[in-house]
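Structure file entry-v5.pdb; described as PDB, C-alpha atoms and all ligand atoms.
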ATOM      1  CA  MET A 158      65.013 134.274 115.984  1.00  0.00           C
ATOM      2  CA  LEU A 159      65.453 131.034 117.862  1.00  0.00           C
ATOM      3  CA  THR A 160      65.428 131.072 121.628  1.00  0.00           C
ATOM      4  CA  ALA A 161      68.416 129.499 123.348  1.00  0.00           C
ATOM      5  CA  LYS A 162      66.111 126.881 124.780  1.00  0.00           C
ATOM      6  CA  LEU A 163      64.722 125.853 121.404  1.00  0.00           C
ATOM      7  CA  GLU A 164      68.183 125.826 119.894  1.00  0.00           C
ATOM      8  CA  LYS A 165      69.405 123.481 122.623  1.00  0.00           C
ATOM      9  CA  HIS A 166      66.403 121.240 122.091  1.00  0.00           C
ATOM     10  CA  LEU A 167      66.984 121.096 118.336  1.00  0.00           C
ATOM     11  CA  ARG A 168      70.693 120.418 118.808  1.00  0.00           C
ATOM     12  CA  GLU A 169      69.835 117.457 121.009  1.00  0.00           C
ATOM     13  CA  GLN A 170      67.350 116.216 118.434  1.00  0.00           C
ATOM     14  CA  LEU A 171      69.938 116.485 115.668  1.00  0.00           C
ATOM     15  CA  GLU A 172      72.599 114.711 117.702  1.00  0.00           C
ATOM     16  CA  GLN A 173      70.203 111.918 118.493  1.00  0.00           C
ATOM     17  CA  GLU A 174      69.242 111.592 114.827  1.00  0.00           C
ATOM     18  CA  ARG A 175      72.920 111.573 113.876  1.00  0.00           C
ATOM     19  CA  ARG A 176      73.622 108.690 116.262  1.00  0.00           C
ATOM     20  CA  ARG A 177      70.640 106.772 114.920  1.00  0.00           C
ATOM     21  CA  LEU A 178      71.730 107.210 111.320  1.00  0.00           C
ATOM     22  CA  LEU A 179      75.339 106.290 112.035  1.00  0.00           C
ATOM     23  CA  GLU A 180      74.126 103.148 113.738  1.00  0.00           C
ATOM     24  CA  GLU A 181      71.846 102.340 110.830  1.00  0.00           C
ATOM     25  CA  LEU A 182      74.650 102.814 108.335  1.00  0.00           C
ATOM     26  CA  GLY A 183      77.071 100.892 110.524  1.00  0.00           C
ATOM     27  CA  HIS A 184      74.809  97.867 110.596  1.00  0.00           C
ATOM     28  CA  ASP A 185      74.186  97.858 106.908  1.00  0.00           C
ATOM     29  CA  PRO A 186      77.237  96.040 105.511  1.00  0.00           C
ATOM     30  CA  ALA A 187      76.106  92.918 107.379  1.00  0.00           C
ATOM     31  CA  ILE A 188      73.169  92.673 105.004  1.00  0.00           C
ATOM     32  CA  PHE A 189      75.585  92.082 102.176  1.00  0.00           C
ATOM     33  CA  ALA A 190      78.144  90.080 104.102  1.00  0.00           C
ATOM     34  CA  ASP A 191      76.250  87.397 105.974  1.00  0.00           C
ATOM     35  CA  GLU A 192      74.535  85.453 103.217  1.00  0.00           C
ATOM     36  CA  ARG A 193      77.280  84.701 100.758  1.00  0.00           C
ATOM     37  CA  PRO A 194      80.778  84.541 102.223  1.00  0.00           C
ATOM     38  CA  GLY A 195      82.368  83.969  98.823  1.00  0.00           C
ATOM     39  CA  TYR A 196      80.423  86.700  97.116  1.00  0.00           C
ATOM     40  CA  SER A 197      82.581  88.699  94.790  1.00  0.00           C
ATOM     41  CA  ASN A 198      81.233  90.753  91.954  1.00  0.00           C
ATOM     42  CA  HIS A 199      79.147  88.267  90.015  1.00  0.00           C
ATOM     43  CA  MET A 200      75.613  89.250  89.118  1.00  0.00           C
ATOM     44  CA  ALA A 201      72.771  88.456  91.483  1.00  0.00           C
ATOM     45  CA  ASP A 202      71.099  85.159  90.628  1.00  0.00           C
ATOM     46  CA  ASP A 203      67.475  86.117  90.475  1.00  0.00           C
ATOM     47  CA  ALA A 204      65.116  89.020  90.391  1.00  0.00           C
ATOM     48  CA  SER A 205      64.308  89.053  94.097  1.00  0.00           C
ATOM     49  CA  GLU A 206      67.981  89.339  94.977  1.00  0.00           C
ATOM     50  CA  VAL A 207      68.366  92.155  92.530  1.00  0.00           C
ATOM     51  CA  TYR A 208      65.353  93.760  94.087  1.00  0.00           C
ATOM     52  CA  GLU A 209      66.668  93.342  97.621  1.00  0.00           C
ATOM     53  CA  GLN A 210      70.069  94.717  96.729  1.00  0.00           C
ATOM     54  CA  ALA A 211      68.478  97.706  95.056  1.00  0.00           C
ATOM     55  CA  ARG A 212      66.240  98.274  98.050  1.00  0.00           C
ATOM     56  CA  ASP A 213      69.110  98.005 100.534  1.00  0.00           C
ATOM     57  CA  LEU A 214      71.119 100.401  98.434  1.00  0.00           C
ATOM     58  CA  ALA A 215      68.239 102.855  98.250  1.00  0.00           C
ATOM     59  CA  LEU A 216      67.744 102.705 102.025  1.00  0.00           C
ATOM     60  CA  ARG A 217      71.438 103.232 102.561  1.00  0.00           C
ATOM     61  CA  GLN A 218      71.592 106.151 100.187  1.00  0.00           C
ATOM     62  CA  HIS A 219      68.571 107.669 101.880  1.00  0.00           C
ATOM     63  CA  ALA A 220      70.221 107.328 105.308  1.00  0.00           C
ATOM     64  CA  GLU A 221      73.450 108.821 103.952  1.00  0.00           C
ATOM     65  CA  ARG A 222      71.599 111.824 102.563  1.00  0.00           C
ATOM     66  CA  GLN A 223      69.794 112.285 105.880  1.00  0.00           C
ATOM     67  CA  LEU A 224      73.088 112.060 107.732  1.00  0.00           C
ATOM     68  CA  GLU A 225      74.626 114.709 105.472  1.00  0.00           C
ATOM     69  CA  MET A 226      71.728 117.050 106.173  1.00  0.00           C
ATOM     70  CA  VAL A 227      71.912 116.449 109.920  1.00  0.00           C
ATOM     71  CA  GLU A 228      75.671 117.056 109.986  1.00  0.00           C
ATOM     72  CA  HIS A 229      75.219 120.153 107.879  1.00  0.00           C
ATOM     73  CA  ALA A 230      72.659 121.464 110.376  1.00  0.00           C
ATOM     74  CA  LEU A 231      74.988 120.735 113.307  1.00  0.00           C
ATOM     75  CA  GLU A 232      77.731 122.641 111.486  1.00  0.00           C
ATOM     76  CA  LYS A 233      75.386 125.584 111.054  1.00  0.00           C
ATOM     77  CA  LEU A 234      74.600 125.456 114.777  1.00  0.00           C
ATOM     78  CA  ALA A 235      78.321 125.651 115.491  1.00  0.00           C
ATOM     79  CA  ARG A 236      78.765 128.575 113.088  1.00  0.00           C
ATOM     80  CA  GLY A 237      75.723 130.426 114.384  1.00  0.00           C
ATOM     81  CA  THR A 238      73.884 130.346 111.049  1.00  0.00           C
ATOM     82  CA  PHE A 239      71.360 127.729 112.115  1.00  0.00           C
ATOM     83  CA  GLY A 240      67.722 128.539 111.339  1.00  0.00           C
ATOM     84  CA  ILE A 241      68.579 130.814 108.419  1.00  0.00           C
ATOM     85  CA  CYS A 242      67.230 129.873 104.999  1.00  0.00           C
ATOM     86  CA  GLU A 243      70.109 129.078 102.629  1.00  0.00           C
ATOM     87  CA  GLN A 244      68.164 130.364  99.673  1.00  0.00           C
ATOM     88  CA  CYS A 245      66.797 133.749 100.755  1.00  0.00           C
ATOM     89  CA  GLY A 246      68.670 134.394 104.031  1.00  0.00           C
ATOM     90  CA  GLN A 247      65.478 134.871 106.024  1.00  0.00           C
ATOM     91  CA  PRO A 248      64.874 133.108 109.349  1.00  0.00           C
ATOM     92  CA  ILE A 249      63.133 129.743 109.004  1.00  0.00           C
ATOM     93  CA  ASP A 250      59.876 129.456 110.930  1.00  0.00           C
ATOM     94  CA  PRO A 251      60.732 127.852 114.328  1.00  0.00           C
ATOM     95  CA  ALA A 252      57.640 125.660 114.003  1.00  0.00           C
ATOM     96  CA  ARG A 253      59.138 124.195 110.831  1.00  0.00           C
ATOM     97  CA  LEU A 254      62.472 123.595 112.575  1.00  0.00           C
ATOM     98  CA  ARG A 255      60.742 121.778 115.390  1.00  0.00           C
ATOM     99  CA  GLY A 256      59.376 119.274 112.924  1.00  0.00           C
ATOM    100  CA  LEU A 257      62.487 119.181 110.739  1.00  0.00           C
ATOM    101  CA  PRO A 258      65.584 120.541 112.507  1.00  0.00           C
ATOM    102  CA  GLN A 259      67.777 119.770 109.494  1.00  0.00           C
ATOM    103  CA  ALA A 260      65.656 121.956 107.179  1.00  0.00           C
ATOM    104  CA  MET A 261      67.945 124.051 104.975  1.00  0.00           C
ATOM    105  CA  TYR A 262      65.289 126.312 103.484  1.00  0.00           C
ATOM    106  CA  CYS A 263      62.252 128.207 104.659  1.00  0.00           C
ATOM    107  CA  LEU A 264      58.920 126.801 103.566  1.00  0.00           C
ATOM    108  CA  PRO A 265      58.326 129.151 100.593  1.00  0.00           C
ATOM    109  CA  CYS A 266      61.832 128.434  99.229  1.00  0.00           C
ATOM    110  CA  GLN A 267      61.403 124.689  99.780  1.00  0.00           C
ATOM    111  CA  LYS A 268      58.134 124.793  97.880  1.00  0.00           C
ATOM    112  CA  ARG A 269      59.720 126.693  95.008  1.00  0.00           C
ATOM    113  CA  ARG A 270      62.547 124.130  94.833  1.00  0.00           C
ATOM    114  CA  GLU A 271      60.079 121.279  94.617  1.00  0.00           C
ATOM    115  CA  GLU A 272      58.048 122.797  91.819  1.00  0.00           C
TER
HETATM  116 ZN    ZN A 301      63.898 131.083 102.015  1.00  0.00          ZN
END
So, in terms of structure tokens, how does the structure I just supplied come out?
Amino acid sequence: MLTAKLEKHLREQLEQERRRLLEELGHDPAIFADERPGYSNHMADDASEVYEQARDLALRQHAERQLEMVEHALEKLARGTFGICEQCGQPIDPARLRGLPQAMYCLPCQKRREE
């Protein structure tokens, strides 16, 4: 089980990560907005623009997924189910949670999911 001290530490880590991600996502629309004021929905003009738009989108989607995981973990903290693997119901190794507080699965289950 998690000690109260570790749980508090992880909660702080998650809240900090949440703020960082919200900030990152909040800044993002500027990337699209500042260059072309009249931009509507016409196709990008050249390959590098297509590439940049795809990259920005990928970064944004990545941040959104991270944010979802962090918020999910904070919800679990509030419900008292934090640190429990969502696959097998066993406690997740605290060492794993230290490195990845938003982990949803224990290491063996995570490995099985990635196979
Ligand atoms: Zn598991």
(request) Specify as a PyMOL selection string each residue included when the PyMOL selection byres (((chain A and resi 169) around 12) and not hetatm) is applied to this file. (result) chain A and resi 162-168+170-176+227+230-231+234+255+258-259
(request) Expand the PyMOL selection byres (((not hetatm)) within 12 of (chain A and resi 301)) into the individual residues it matches in the shown file, reporting them as an MDAnalysis selection string. (result) chainID A and resid 240:250 260:270
Could you please take those selected residues and save C-alpha atoms as a JSON list (two decimals), in the frame of the given file?
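As a result, out_23.json now contains:
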[["chain", "number", "residue", "atom", "x", "y", "z"],
["A", 240, "GLY", "CA", 67.72, 128.54, 111.34],
["A", 241, "ILE", "CA", 68.58, 130.81, 108.42],
["A", 242, "CYS", "CA", 67.23, 129.87, 105.00],
["A", 243, "GLU", "CA", 70.11, 129.08, 102.63],
["A", 244, "GLN", "CA", 68.16, 130.36, 99.67],
["A", 245, "CYS", "CA", 66.80, 133.75, 100.76],
["A", 246, "GLY", "CA", 68.67, 134.39, 104.03],
["A", 247, "GLN", "CA", 65.48, 134.87, 106.02],
["A", 248, "PRO", "CA", 64.87, 133.11, 109.35],
["A", 249, "ILE", "CA", 63.13, 129.74, 109.00],
["A", 250, "ASP", "CA", 59.88, 129.46, 110.93],
["A", 260, "ALA", "CA", 65.66, 121.96, 107.18],
["A", 261, "MET", "CA", 67.94, 124.05, 104.98],
["A", 262, "TYR", "CA", 65.29, 126.31, 103.48],
["A", 263, "CYS", "CA", 62.25, 128.21, 104.66],
["A", 264, "LEU", "CA", 58.92, 126.80, 103.57],
["A", 265, "PRO", "CA", 58.33, 129.15, 100.59],
["A", 266, "CYS", "CA", 61.83, 128.43, 99.23],
["A", 267, "GLN", "CA", 61.40, 124.69, 99.78],
["A", 268, "LYS", "CA", 58.13, 124.79, 97.88],
["A", 269, "ARG", "CA", 59.72, 126.69, 95.01],
["A", 270, "ARG", "CA", 62.55, 124.13, 94.83]]
(request) Go ahead and compute the interatomic distance for atom CA of A:Leu224 and atom CA of A:Leu178, in Å to one decimal. (result)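 Atom-to-atom, atom CA of A:Leu224 and atom CA of A:Leu178 are spaced 6.2 Å apart.
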(message) One number please: atom CA of A:Gln223 to atom CA of A:Glu181, in Å, one decimal.
(response) 11.3 Å
(message) With distances taken over only C-alpha atoms, which residue among A:Val207, A:Asp213, A:Gly256, A:Met226 lies nearest A:Leu182?
(response)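 The closest residue to A:Leu182 is A:Asp213.
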(message) For a test of reading the model, state the distance in Å between atom CA of A:Glu228 and atom CA of A:Leu179, rounded to one decimal.
(response)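 Atom CA of A:Glu228 sits 11.0 Å away from atom CA of A:Leu179.
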Around all the atoms of stretch 164-175 of chain A listed in the file, with 8 Å of room on each side, what axis-aligned box do you get, giving centre and edge lengths in Å to one decimal, as lines of an AutoDock Vina configuration file?
center_x = 69.7
center_y = 118.7
center_z = 118.2
size_x = 22.5
size_y = 30.3
size_z = 24.7
